[in-house]
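Down below is the structure, laid out as structure tokens.
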Amino acid sequence: VYSSTSTYFFLGQHPVAVMLFHLFAGFILVVCVSGGYDPSLPMDGVIELTQDNFFQIINGEKPALIEFYAPWCSHCQSMTPEWAKLGKLVSISSEKNNILIGKVDAVEHRALGAKFGVSGYPTIKFFPKGSVEAEEYTKGRAVTELLAFLNKRTGSRIPVPVDETLVVELDATNFDVVVLDKTKSVMVEFYAPWCGHCKALEPAYEEIATAFRHNHDIVIARLNVDVDSNKPLGAKYKVNGFPTLKWFSKKAEEDPEDYLDGRTAVDLLAYINQKTGAQRQLGGRLDSSAGRNEQLDAIAAQFLSGTQDALLQQLRDGSKSVTDGELYVRAAERIMKNGGGWVAKERDRLVKMLDSSELSPTQVDKFVKRLNVLTAFEP
């Protein structure tokens with residue numbers, strides 16, 4: 001649950017820990033306070049407005065998007081990185097002299113807030129060129145949405161940044177196509193760009209997308225529920241807070257399963273592996289159980305010291321109904337041909353191959369499974 005935001009387009013002291021954001025050729029310095037970001041600190045490209053300078057600067061000569069904030073407001077703190085990015089992007093664009101981005105501490109300058117009807121935080125207002133009358137902004141708080149609004153209302157062409165990510169970005173037009181595809185299982189994060197907990201989840205969520213990037217039947221996706229056109233999807237799936245994670249299994253016909261476990265990458269990895277049998281590690285390589293089977297392991301463990309002809313037949317019989325079971329049979333046949341010393345030599349060869357950067361993802365998976373199976377034959 002979060003407070004509403006009124007954003008308008010106008011025509012015309014805490015302990016701190018520093019966090020640095022790199023954006024294109026410049027830097028944005030935003031400071032963390034009390035679990036959020038401090039909206040009162042200076043930001044590149046963002047004008048600090050006060051009772052003394054507001055009407056001198058916001059006078060109708062240029063369009064200006066202005067945030068009215070309270071330093072203690074958690075929603076203002078959560079939105080601060082997006083506002084800082086907005087100021088930086090405008091300041092390094094060709095529109096830097098044509099559009100103003102500003103902010104007002106509405107606690108310190110209560111009269112300004114009262115004049116513009118500020119009753120909650122954050123409230124964002126903008127003056128379109130040639131006017132000092134405010135229009136209400138009802139779009140999302142992400143920098144991409146703020147820039148899209150500015151480009152549309154001012155005719156500017158400020159580039160909207162696209163982050164490199166393996167997480168699939170959903171919207172109302174592609175949600176059903178991606179999420180309800182019965183050839184895929186999909187983890188969906190329902191989020192809001194201003195939500196501090198959503199921002200905290202981003203690194204782990206990206207790690208999970210990386211881990212499963214080569215599993216074409218597993219999709220890691222997210223939906224910005226703060227966008228008006230996406231809000232019906234949030235209502236449909238009973239999203240009452242952020243972030244909300246839901247698992248849409250390709251095997252299930254019923255509603256998605258709420259993900260209620262931990263939010264670390266390790267927690268998410270374990271959950272998805274358990275649901276899909278994918279056997280992935282963080283980073284994307286298969287884990288040590290990939291390709292293995294307990295019954296075939298028991299036979300392989302006896303192979304170097306037992307009656308190999310009989311054990312080979314047991315492996316052949318047992319492998320028929322086991323995924324990757326043929327790897328046991330091939331390893332046993334090579335041992336019979338080359339002797340027991342072949343196991344160590346082949347293990348070393350595979351380790352060197354896996355250290356190579358020339359392998360395709362499919363080849364890496366194949367060699368990891370072969371290496372795992374070989375360990376079952378070691379004394």
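Numbering starts fresh at 1 for the residues of each chain in the structure tokens, the chains themselves are lettered A, B, ... in the order given, and ligands are numbered from 1 as they appear.
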
message = Just list as a PyMOL selection string whatever in range 11-229 of chain A DSSP marks as helix (DSSP H, G or I).
response = chain A and resi 54-57+74-91+110-115+143-154+175-179+196-211+228-229

query = Which polymer residues have any atom within 8 Å of an atom of Asp105 in chain A, counting only C-alpha atoms, with same-chain residues fewer than 2 positions away left out, as a list in words?
reply = Ser40, Leu49, Thr50, Phe68, Tyr69, Ala70, Pro71, Lys103, Val107, Glu108 and His109 of chain A

ask   = What gap, in Å, lies between CA of Phe190 in chain A and CA of Arg213 in chain A?
value = 20.0 Å

Just list as a short mmCIF file (atom, residue, chain, number, x, y, z; two decimals) with all heavy atoms, in the first residue's frame whatever in range 60-308 of chain A DSSP marks as strand (DSSP E or B).
data_model
loop_
_atom_site.label_atom_id
_atom_site.label_comp_id
_atom_site.auth_asym_id
_atom_site.auth_seq_id
_atom_site.Cartn_x
_atom_site.Cartn_y
_atom_site.Cartn_z
N ALA A 64 8.93 22.82 -16.85
CA ALA A 64 9.69 22.35 -15.70
C ALA A 64 8.92 21.30 -14.91
O ALA A 64 7.77 21.50 -14.58
CB ALA A 64 10.02 23.52 -14.79
N LEU A 65 9.57 20.20 -14.66
CA LEU A 65 8.97 19.12 -13.85
C LEU A 65 9.55 19.21 -12.44
O LEU A 65 10.77 19.13 -12.25
CB LEU A 65 9.28 17.77 -14.47
CG LEU A 65 8.50 16.57 -13.94
CD1 LEU A 65 7.01 16.71 -14.19
CD2 LEU A 65 9.02 15.28 -14.55
N ILE A 66 8.68 19.39 -11.44
CA ILE A 66 9.12 19.70 -10.08
C ILE A 66 8.57 18.67 -9.10
O ILE A 66 7.37 18.37 -9.11
CB ILE A 66 8.64 21.10 -9.64
CG1 ILE A 66 8.95 22.14 -10.71
CG2 ILE A 66 9.25 21.47 -8.29
CD1 ILE A 66 10.41 22.31 -11.05
N GLU A 67 9.43 18.18 -8.22
CA GLU A 67 9.01 17.27 -7.15
C GLU A 67 8.92 18.03 -5.83
O GLU A 67 9.86 18.71 -5.43
CB GLU A 67 10.01 16.12 -6.99
CG GLU A 67 9.66 15.19 -5.82
CD GLU A 67 10.80 14.31 -5.37
OE1 GLU A 67 11.94 14.52 -5.84
OE2 GLU A 67 10.55 13.45 -4.51
N PHE A 68 7.78 17.88 -5.16
CA PHE A 68 7.61 18.37 -3.79
C PHE A 68 7.79 17.18 -2.86
O PHE A 68 7.03 16.20 -2.94
CB PHE A 68 6.24 19.00 -3.60
CG PHE A 68 6.08 20.32 -4.31
CD1 PHE A 68 5.87 20.37 -5.68
CD2 PHE A 68 6.14 21.52 -3.61
CE1 PHE A 68 5.72 21.58 -6.35
CE2 PHE A 68 6.00 22.73 -4.26
CZ PHE A 68 5.78 22.77 -5.64
N TYR A 69 8.78 17.23 -1.99
CA TYR A 69 9.11 16.06 -1.18
C TYR A 69 9.21 16.42 0.30
O TYR A 69 9.30 17.59 0.69
CB TYR A 69 10.44 15.45 -1.64
CG TYR A 69 11.64 16.33 -1.37
CD1 TYR A 69 12.34 16.24 -0.16
CD2 TYR A 69 12.09 17.26 -2.31
CE1 TYR A 69 13.44 17.04 0.10
CE2 TYR A 69 13.18 18.07 -2.06
CZ TYR A 69 13.86 17.96 -0.85
OH TYR A 69 14.93 18.76 -0.59
N LEU A 100 13.44 22.32 -17.44
CA LEU A 100 13.91 22.41 -16.06
C LEU A 100 13.41 21.22 -15.25
O LEU A 100 12.24 20.86 -15.33
CB LEU A 100 13.42 23.70 -15.40
CG LEU A 100 13.85 25.02 -16.05
CD1 LEU A 100 13.17 26.19 -15.34
CD2 LEU A 100 15.37 25.17 -16.01
N ILE A 101 14.30 20.63 -14.46
CA ILE A 101 13.93 19.60 -13.49
C ILE A 101 14.29 20.15 -12.12
O ILE A 101 15.42 20.60 -11.90
CB ILE A 101 14.70 18.28 -13.75
CG1 ILE A 101 14.51 17.80 -15.19
CG2 ILE A 101 14.24 17.21 -12.74
CD1 ILE A 101 13.07 17.48 -15.55
N GLY A 102 13.34 20.15 -11.20
CA GLY A 102 13.60 20.73 -9.89
C GLY A 102 12.96 19.95 -8.76
O GLY A 102 12.24 18.98 -8.99
N LYS A 103 13.24 20.41 -7.55
CA LYS A 103 12.65 19.78 -6.36
C LYS A 103 12.51 20.82 -5.26
O LYS A 103 13.28 21.78 -5.19
CB LYS A 103 13.47 18.57 -5.89
CG LYS A 103 14.91 18.86 -5.52
CD LYS A 103 15.66 17.55 -5.30
CE LYS A 103 17.13 17.77 -4.97
NZ LYS A 103 17.38 18.10 -3.58
N VAL A 104 11.51 20.60 -4.41
CA VAL A 104 11.20 21.52 -3.31
C VAL A 104 11.04 20.70 -2.03
O VAL A 104 10.28 19.71 -2.00
CB VAL A 104 9.88 22.29 -3.58
CG1 VAL A 104 9.53 23.17 -2.38
CG2 VAL A 104 9.98 23.11 -4.85
N ASP A 105 11.76 21.09 -1.00
CA ASP A 105 11.53 20.53 0.33
C ASP A 105 10.25 21.17 0.87
O ASP A 105 10.27 22.30 1.36
CB ASP A 105 12.72 20.83 1.25
CG ASP A 105 12.57 20.18 2.62
OD1 ASP A 105 11.43 19.89 3.02
OD2 ASP A 105 13.59 20.01 3.30
N THR A 123 4.78 14.75 -4.29
CA THR A 123 3.90 15.37 -5.28
C THR A 123 4.81 16.04 -6.30
O THR A 123 5.73 16.75 -5.93
CB THR A 123 2.99 16.41 -4.62
OG1 THR A 123 2.07 15.75 -3.75
CG2 THR A 123 2.20 17.19 -5.67
N ILE A 124 4.58 15.76 -7.56
CA ILE A 124 5.45 16.31 -8.61
C ILE A 124 4.62 17.23 -9.48
O ILE A 124 3.52 16.89 -9.88
CB ILE A 124 6.08 15.19 -9.45
CG1 ILE A 124 6.74 14.16 -8.53
CG2 ILE A 124 7.08 15.74 -10.42
CD1 ILE A 124 7.16 12.91 -9.22
N LYS A 125 5.17 18.38 -9.76
CA LYS A 125 4.44 19.36 -10.57
C LYS A 125 5.38 19.94 -11.63
O LYS A 125 6.58 20.04 -11.38
CB LYS A 125 3.87 20.46 -9.69
CG LYS A 125 3.01 19.94 -8.56
CD LYS A 125 2.16 21.02 -7.93
CE LYS A 125 1.19 20.39 -6.93
NZ LYS A 125 0.08 21.26 -6.57
N PHE A 126 4.80 20.33 -12.74
CA PHE A 126 5.60 20.82 -13.87
C PHE A 126 4.96 22.09 -14.47
O PHE A 126 3.78 22.19 -14.50
CB PHE A 126 5.68 19.68 -14.88
CG PHE A 126 6.43 19.94 -16.13
CD1 PHE A 126 7.80 19.75 -16.22
CD2 PHE A 126 5.76 20.34 -17.26
CE1 PHE A 126 8.47 19.97 -17.41
CE2 PHE A 126 6.42 20.55 -18.44
CZ PHE A 126 7.77 20.36 -18.52
N PHE A 127 5.67 23.15 -14.86
CA PHE A 127 5.05 24.36 -15.46
C PHE A 127 5.25 24.28 -16.99
O PHE A 127 6.34 24.62 -17.41
CB PHE A 127 5.70 25.62 -14.87
CG PHE A 127 5.23 26.06 -13.55
CD1 PHE A 127 5.58 25.38 -12.41
CD2 PHE A 127 4.43 27.18 -13.41
CE1 PHE A 127 5.16 25.80 -11.16
CE2 PHE A 127 4.00 27.61 -12.17
CZ PHE A 127 4.37 26.92 -11.05
N PRO A 128 4.12 23.82 -18.06
CA PRO A 128 4.42 23.89 -19.51
C PRO A 128 4.73 25.30 -19.94
O PRO A 128 4.22 26.21 -19.35
CB PRO A 128 3.19 23.36 -20.21
CG PRO A 128 2.36 22.74 -19.19
CD PRO A 128 2.83 23.25 -17.83
N ALA A 134 -0.87 24.44 -13.29
CA ALA A 134 -0.40 23.07 -13.13
C ALA A 134 -1.35 22.05 -13.74
O ALA A 134 -2.56 22.18 -13.61
CB ALA A 134 -0.23 22.77 -11.64
N GLU A 135 -0.78 21.04 -14.36
CA GLU A 135 -1.55 19.88 -14.83
C GLU A 135 -1.16 18.67 -13.99
O GLU A 135 0.00 18.51 -13.64
CB GLU A 135 -1.24 19.59 -16.30
CG GLU A 135 -1.66 20.66 -17.27
CD GLU A 135 -1.34 20.28 -18.69
OE1 GLU A 135 -1.04 19.09 -18.94
OE2 GLU A 135 -1.37 21.19 -19.54
N GLU A 136 -2.14 17.86 -13.70
CA GLU A 136 -1.85 16.69 -12.87
C GLU A 136 -1.18 15.60 -13.70
O GLU A 136 -1.60 15.29 -14.81
CB GLU A 136 -3.14 16.14 -12.27
CG GLU A 136 -2.88 15.02 -11.27
CD GLU A 136 -4.13 14.62 -10.52
OE1 GLU A 136 -5.19 15.22 -10.78
OE2 GLU A 136 -4.03 13.73 -9.67
N TYR A 137 -0.13 15.02 -13.14
CA TYR A 137 0.58 13.89 -13.75
C TYR A 137 0.16 12.61 -13.03
O TYR A 137 0.25 12.53 -11.80
CB TYR A 137 2.09 14.10 -13.62
CG TYR A 137 2.94 12.92 -14.02
CD1 TYR A 137 3.33 12.74 -15.34
CD2 TYR A 137 3.37 12.00 -13.07
CE1 TYR A 137 4.13 11.67 -15.70
CE2 TYR A 137 4.16 10.92 -13.41
CZ TYR A 137 4.54 10.76 -14.74
OH TYR A 137 5.32 9.69 -15.10
N VAL A 168 12.90 -10.39 -18.35
CA VAL A 168 11.94 -10.01 -19.39
C VAL A 168 10.98 -8.97 -18.81
O VAL A 168 10.34 -9.20 -17.79
CB VAL A 168 11.16 -11.24 -19.90
CG1 VAL A 168 10.08 -10.81 -20.89
CG2 VAL A 168 12.11 -12.24 -20.52
N GLU A 169 10.88 -7.83 -19.48
CA GLU A 169 9.98 -6.78 -19.03
C GLU A 169 8.59 -7.01 -19.63
O GLU A 169 8.43 -7.04 -20.85
CB GLU A 169 10.50 -5.41 -19.45
CG GLU A 169 9.81 -4.26 -18.76
CD GLU A 169 10.15 -4.16 -17.27
OE1 GLU A 169 11.31 -4.40 -16.88
OE2 GLU A 169 9.23 -3.84 -16.49
N LEU A 170 7.61 -7.19 -18.77
CA LEU A 170 6.24 -7.47 -19.20
C LEU A 170 5.41 -6.19 -19.23
O LEU A 170 5.71 -5.22 -18.53
CB LEU A 170 5.59 -8.47 -18.26
CG LEU A 170 6.27 -9.83 -18.12
CD1 LEU A 170 5.65 -10.63 -16.97
CD2 LEU A 170 6.19 -10.62 -19.42
N SER A 185 7.70 -22.21 -17.85
CA SER A 185 7.38 -21.82 -16.48
C SER A 185 7.98 -20.45 -16.24
O SER A 185 9.13 -20.19 -16.64
CB SER A 185 7.94 -22.83 -15.48
OG SER A 185 7.27 -24.07 -15.58
N VAL A 186 7.22 -19.57 -15.58
CA VAL A 186 7.62 -18.17 -15.49
C VAL A 186 7.54 -17.67 -14.05
O VAL A 186 6.51 -17.82 -13.40
CB VAL A 186 6.74 -17.28 -16.40
CG1 VAL A 186 7.28 -15.85 -16.41
CG2 VAL A 186 6.66 -17.84 -17.82
N MET A 187 8.63 -17.08 -13.58
CA MET A 187 8.62 -16.36 -12.32
C MET A 187 8.37 -14.90 -12.64
O MET A 187 9.07 -14.30 -13.45
CB MET A 187 9.96 -16.49 -11.58
CG MET A 187 10.04 -15.68 -10.29
SD MET A 187 8.92 -16.27 -8.99
CE MET A 187 9.94 -17.57 -8.26
N VAL A 188 7.33 -14.31 -12.03
CA VAL A 188 6.97 -12.93 -12.30
C VAL A 188 7.09 -12.11 -11.01
O VAL A 188 6.52 -12.47 -9.99
CB VAL A 188 5.54 -12.79 -12.86
CG1 VAL A 188 5.19 -11.32 -13.07
CG2 VAL A 188 5.41 -13.56 -14.16
N GLU A 189 7.83 -11.03 -11.11
CA GLU A 189 7.88 -10.05 -10.02
C GLU A 189 6.94 -8.90 -10.38
O GLU A 189 7.10 -8.25 -11.41
CB GLU A 189 9.29 -9.48 -9.84
CG GLU A 189 9.36 -8.38 -8.79
CD GLU A 189 10.59 -7.50 -8.91
OE1 GLU A 189 11.37 -7.67 -9.86
OE2 GLU A 189 10.74 -6.61 -8.05
N PHE A 190 5.96 -8.67 -9.55
CA PHE A 190 5.09 -7.51 -9.68
C PHE A 190 5.71 -6.41 -8.83
O PHE A 190 5.84 -6.56 -7.61
CB PHE A 190 3.68 -7.84 -9.20
CG PHE A 190 2.98 -8.88 -10.03
CD1 PHE A 190 3.20 -10.24 -9.81
CD2 PHE A 190 2.09 -8.51 -11.03
CE1 PHE A 190 2.55 -11.21 -10.57
CE2 PHE A 190 1.43 -9.46 -11.80
CZ PHE A 190 1.66 -10.82 -11.57
N TYR A 191 6.11 -5.30 -9.46
CA TYR A 191 6.90 -4.30 -8.74
C TYR A 191 6.43 -2.89 -9.06
O TYR A 191 5.63 -2.66 -9.98
CB TYR A 191 8.37 -4.44 -9.10
CG TYR A 191 8.74 -3.86 -10.47
CD1 TYR A 191 9.31 -2.60 -10.57
CD2 TYR A 191 8.50 -4.59 -11.64
CE1 TYR A 191 9.63 -2.07 -11.82
CE2 TYR A 191 8.83 -4.07 -12.88
CZ TYR A 191 9.39 -2.81 -12.96
OH TYR A 191 9.70 -2.28 -14.19
N ILE A 218 12.25 -21.81 -19.01
CA ILE A 218 12.15 -21.05 -17.76
C ILE A 218 12.36 -19.58 -18.08
O ILE A 218 13.34 -19.20 -18.73
CB ILE A 218 13.21 -21.51 -16.74
CG1 ILE A 218 13.00 -22.99 -16.37
CG2 ILE A 218 13.15 -20.64 -15.48
CD1 ILE A 218 14.09 -23.55 -15.48
N VAL A 219 11.44 -18.74 -17.63
CA VAL A 219 11.51 -17.30 -17.90
C VAL A 219 11.48 -16.55 -16.57
O VAL A 219 10.65 -16.85 -15.70
CB VAL A 219 10.34 -16.83 -18.79
CG1 VAL A 219 10.40 -15.32 -19.00
CG2 VAL A 219 10.36 -17.56 -20.13
N ILE A 220 12.37 -15.59 -16.43
CA ILE A 220 12.37 -14.71 -15.26
C ILE A 220 11.89 -13.34 -15.76
O ILE A 220 12.53 -12.74 -16.64
CB ILE A 220 13.78 -14.58 -14.64
CG1 ILE A 220 14.36 -15.99 -14.37
CG2 ILE A 220 13.72 -13.76 -13.37
CD1 ILE A 220 13.52 -16.85 -13.44
N ALA A 221 10.77 -12.87 -15.23
CA ALA A 221 10.13 -11.68 -15.79
C ALA A 221 9.64 -10.76 -14.67
O ALA A 221 9.61 -11.14 -13.49
CB ALA A 221 8.96 -12.09 -16.67
N ARG A 222 9.26 -9.55 -15.06
CA ARG A 222 8.71 -8.61 -14.08
C ARG A 222 7.71 -7.69 -14.76
O ARG A 222 7.77 -7.45 -15.97
CB ARG A 222 9.82 -7.79 -13.43
CG ARG A 222 10.59 -6.89 -14.36
CD ARG A 222 11.66 -6.12 -13.62
NE ARG A 222 12.20 -5.04 -14.43
CZ ARG A 222 12.95 -4.06 -13.96
NH1 ARG A 222 13.24 -4.01 -12.67
NH2 ARG A 222 13.41 -3.11 -14.75
N LEU A 223 6.78 -7.18 -13.96
CA LEU A 223 5.72 -6.30 -14.44
C LEU A 223 5.65 -5.07 -13.55
O LEU A 223 5.49 -5.18 -12.33
CB LEU A 223 4.37 -7.01 -14.43
CG LEU A 223 3.18 -6.16 -14.89
CD1 LEU A 223 3.19 -6.00 -16.41
CD2 LEU A 223 1.85 -6.77 -14.43
N ASN A 224 5.77 -3.90 -14.15
CA ASN A 224 5.65 -2.64 -13.42
C ASN A 224 4.17 -2.33 -13.22
O ASN A 224 3.49 -1.86 -14.14
CB ASN A 224 6.34 -1.51 -14.20
CG ASN A 224 6.26 -0.17 -13.49
OD1 ASN A 224 5.63 -0.04 -12.44
ND2 ASN A 224 6.90 0.83 -14.07
N THR A 244 5.74 -8.41 -5.20
CA THR A 244 5.00 -9.66 -5.09
C THR A 244 5.55 -10.60 -6.16
O THR A 244 5.62 -10.23 -7.33
CB THR A 244 3.50 -9.45 -5.31
OG1 THR A 244 2.96 -8.69 -4.22
CG2 THR A 244 2.77 -10.78 -5.40
N LEU A 245 5.94 -11.79 -5.75
CA LEU A 245 6.50 -12.79 -6.67
C LEU A 245 5.53 -13.94 -6.82
O LEU A 245 5.02 -14.47 -5.83
CB LEU A 245 7.85 -13.30 -6.16
CG LEU A 245 8.98 -12.28 -6.10
CD1 LEU A 245 10.14 -12.81 -5.28
CD2 LEU A 245 9.45 -11.94 -7.49
N LYS A 246 5.28 -14.34 -8.06
CA LYS A 246 4.37 -15.45 -8.33
C LYS A 246 5.00 -16.38 -9.36
O LYS A 246 5.64 -15.93 -10.32
CB LYS A 246 3.01 -14.94 -8.84
CG LYS A 246 2.20 -14.20 -7.75
CD LYS A 246 0.85 -13.72 -8.26
CE LYS A 246 0.08 -12.98 -7.18
NZ LYS A 246 -0.53 -13.90 -6.20
N TRP A 247 4.78 -17.68 -9.16
CA TRP A 247 5.32 -18.72 -10.03
C TRP A 247 4.20 -19.27 -10.92
O TRP A 247 3.23 -19.83 -10.42
CB TRP A 247 5.93 -19.84 -9.20
CG TRP A 247 6.45 -21.00 -9.99
CD1 TRP A 247 5.91 -22.25 -10.05
CD2 TRP A 247 7.62 -21.03 -10.81
NE1 TRP A 247 6.67 -23.07 -10.86
CE2 TRP A 247 7.72 -22.33 -11.35
CE3 TRP A 247 8.58 -20.09 -11.16
CZ2 TRP A 247 8.76 -22.72 -12.21
CZ3 TRP A 247 9.62 -20.45 -12.01
CH2 TRP A 247 9.69 -21.75 -12.52
N PHE A 248 4.35 -19.07 -12.21
CA PHE A 248 3.40 -19.58 -13.19
C PHE A 248 4.00 -20.85 -13.80
O PHE A 248 4.85 -20.78 -14.69
CB PHE A 248 3.13 -18.54 -14.28
CG PHE A 248 2.40 -17.32 -13.81
CD1 PHE A 248 3.06 -16.32 -13.09
CD2 PHE A 248 1.05 -17.15 -14.09
CE1 PHE A 248 2.39 -15.18 -12.67
CE2 PHE A 248 0.36 -16.01 -13.67
CZ PHE A 248 1.04 -15.02 -12.95
N GLU A 257 1.29 -19.82 -8.19
CA GLU A 257 1.65 -20.05 -6.79
C GLU A 257 2.39 -18.83 -6.24
O GLU A 257 3.32 -18.32 -6.87
CB GLU A 257 2.55 -21.28 -6.70
CG GLU A 257 3.05 -21.61 -5.31
CD GLU A 257 3.91 -22.87 -5.29
OE1 GLU A 257 3.44 -23.89 -5.83
OE2 GLU A 257 5.03 -22.82 -4.76
N ASP A 258 1.98 -18.36 -5.08
CA ASP A 258 2.69 -17.25 -4.44
C ASP A 258 4.06 -17.73 -3.98
O ASP A 258 4.18 -18.78 -3.34
CB ASP A 258 1.91 -16.73 -3.23
CG ASP A 258 0.65 -15.98 -3.62
OD1 ASP A 258 0.64 -15.37 -4.71
OD2 ASP A 258 -0.32 -16.02 -2.85
N ARG A 280 20.49 -25.89 -11.76
CA ARG A 280 21.43 -24.81 -12.07
C ARG A 280 22.10 -24.27 -10.80
O ARG A 280 21.52 -24.30 -9.71
CB ARG A 280 20.72 -23.65 -12.76
CG ARG A 280 20.22 -23.97 -14.14
CD ARG A 280 21.35 -24.09 -15.14
NE ARG A 280 20.86 -24.53 -16.45
CZ ARG A 280 21.64 -24.85 -17.46
NH1 ARG A 280 22.96 -24.81 -17.32
NH2 ARG A 280 21.12 -25.24 -18.61
N LEU A 286 25.49 -25.99 -14.67
CA LEU A 286 24.77 -27.07 -14.01
C LEU A 286 25.48 -27.48 -12.72
O LEU A 286 26.71 -27.41 -12.62
CB LEU A 286 24.67 -28.29 -14.94
CG LEU A 286 23.74 -28.14 -16.15
CD1 LEU A 286 23.91 -29.32 -17.09
CD2 LEU A 286 22.28 -28.03 -15.72
#

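If you look at CA of Gly340 in chain A and CA of Leu304 in chain A, they are 6.4 Å away from each other.
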
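Nearest residue to Glu164 in chain A, choosing from A:Ala310, A:Ala209, A:Cys195, A:Val46 and counting only C-alpha atoms: A:Ala209.
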
inquiry  = I want to know what sits within 7 Å of Asn59 in chain A, based on only C-alpha atoms, with residues of the same chain fewer than 2 positions away left out; could you give that as a PyMOL selection string?
reply    = chain A and resi 12+55-57+61+132

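Take CA of Asn215 in chain A and CA of Tyr271 in chain A: the distance between them is 15.1 Å.
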
key: Residues near Glu82 in chain A, cut-off 8 Å, only C-alpha atoms, skip fewer than 4 positions along chain, as a ChimeraX atom specification   = /A:86,141-143,194

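Among A:Gly87, A:Gly291, A:Gly318, A:Gly341, the residue with the shortest atom-to-atom distance to Ala376 in chain A, counting only C-alpha atoms, is A:Gly291.
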
inquiry  = Applying 9 Å and only C-alpha atoms, which residues near Glu206 in chain A remain after dropping the ones on its own chain fewer than 5 positions away? List them as a PyMOL selection string.
reply    = chain A and resi 165-167+201+211+220+265

Atoms kept (all heavy atoms) for selection, written as a PDB file, in the first residue's frame:
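Contents of out07.pdb, as written:
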ATOM      1  N   THR A 165      19.665  -6.216 -19.339  1.00  0.00           N
ATOM      2  CA  THR A 165      19.113  -7.144 -18.359  1.00  0.00           C
ATOM      3  C   THR A 165      18.636  -8.402 -19.053  1.00  0.00           C
ATOM      4  O   THR A 165      18.257  -8.381 -20.222  1.00  0.00           O
ATOM      5  CB  THR A 165      17.943  -6.492 -17.589  1.00  0.00           C
ATOM      6  OG1 THR A 165      17.399  -7.450 -16.668  1.00  0.00           O
ATOM      7  CG2 THR A 165      16.846  -6.020 -18.532  1.00  0.00           C
ATOM      8  N   LEU A 166      18.672  -9.500 -18.319  1.00  0.00           N
ATOM      9  CA  LEU A 166      18.135 -10.764 -18.812  1.00  0.00           C
ATOM     10  C   LEU A 166      16.717 -10.998 -18.302  1.00  0.00           C
ATOM     11  O   LEU A 166      16.089 -11.986 -18.651  1.00  0.00           O
ATOM     12  CB  LEU A 166      19.050 -11.929 -18.389  1.00  0.00           C
ATOM     13  CG  LEU A 166      20.438 -11.928 -19.024  1.00  0.00           C
ATOM     14  CD1 LEU A 166      21.341 -12.956 -18.356  1.00  0.00           C
ATOM     15  CD2 LEU A 166      20.340 -12.227 -20.517  1.00  0.00           C
ATOM     16  N   VAL A 167      16.241 -10.069 -17.461  1.00  0.00           N
ATOM     17  CA  VAL A 167      14.866 -10.153 -16.965  1.00  0.00           C
ATOM     18  C   VAL A 167      13.929  -9.630 -18.048  1.00  0.00           C
ATOM     19  O   VAL A 167      14.138  -8.545 -18.591  1.00  0.00           O
ATOM     20  CB  VAL A 167      14.700  -9.341 -15.669  1.00  0.00           C
ATOM     21  CG1 VAL A 167      13.248  -9.394 -15.190  1.00  0.00           C
ATOM     22  CG2 VAL A 167      15.640  -9.866 -14.585  1.00  0.00           C
ATOM     23  N   LEU A 201      15.733  -6.053  -4.308  1.00  0.00           N
ATOM     24  CA  LEU A 201      15.635  -7.378  -4.922  1.00  0.00           C
ATOM     25  C   LEU A 201      16.348  -7.457  -6.278  1.00  0.00           C
ATOM     26  O   LEU A 201      16.714  -8.544  -6.717  1.00  0.00           O
ATOM     27  CB  LEU A 201      14.154  -7.748  -5.099  1.00  0.00           C
ATOM     28  CG  LEU A 201      13.831  -9.082  -5.762  1.00  0.00           C
ATOM     29  CD1 LEU A 201      14.328 -10.252  -4.906  1.00  0.00           C
ATOM     30  CD2 LEU A 201      12.329  -9.207  -6.007  1.00  0.00           C
ATOM     31  N   ALA A 211      21.275 -17.190 -14.160  1.00  0.00           N
ATOM     32  CA  ALA A 211      21.424 -18.622 -13.889  1.00  0.00           C
ATOM     33  C   ALA A 211      20.592 -19.483 -14.829  1.00  0.00           C
ATOM     34  O   ALA A 211      21.032 -20.558 -15.261  1.00  0.00           O
ATOM     35  CB  ALA A 211      21.040 -18.920 -12.435  1.00  0.00           C
ATOM     36  N   ILE A 220      12.367 -15.587 -16.427  1.00  0.00           N
ATOM     37  CA  ILE A 220      12.374 -14.709 -15.263  1.00  0.00           C
ATOM     38  C   ILE A 220      11.892 -13.342 -15.759  1.00  0.00           C
ATOM     39  O   ILE A 220      12.526 -12.735 -16.636  1.00  0.00           O
ATOM     40  CB  ILE A 220      13.778 -14.585 -14.642  1.00  0.00           C
ATOM     41  CG1 ILE A 220      14.362 -15.988 -14.372  1.00  0.00           C
ATOM     42  CG2 ILE A 220      13.719 -13.758 -13.372  1.00  0.00           C
ATOM     43  CD1 ILE A 220      13.524 -16.854 -13.435  1.00  0.00           C
ATOM     44  N   ALA A 265      19.358 -14.586  -3.854  1.00  0.00           N
ATOM     45  CA  ALA A 265      19.518 -15.353  -5.088  1.00  0.00           C
ATOM     46  C   ALA A 265      19.548 -16.850  -4.798  1.00  0.00           C
ATOM     47  O   ALA A 265      19.010 -17.659  -5.559  1.00  0.00           O
ATOM     48  CB  ALA A 265      20.799 -14.918  -5.804  1.00  0.00           C
TER      49      ALA A 265
END

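Closest approach to Trp83 in chain A among A:Glu95, A:Glu207, A:Asp38, A:Asp355 is made by A:Asp38 (distances from only C-alpha atoms).
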
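Of the residues listed (A:Ala332, A:Leu180, A:Val351, A:Ala172), A:Leu180 shows the shortest atom-to-atom separation from Lys251 in chain A; distances use only C-alpha atoms.
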
key: Spatial neighbours of Ala331 in chain A, 10 Å, only C-alpha atoms, chain gap at least 3 places, as a PyMOL selection string   = chain A and resi 300+312+326-328+334-337+342-343+346+370+373-374+377
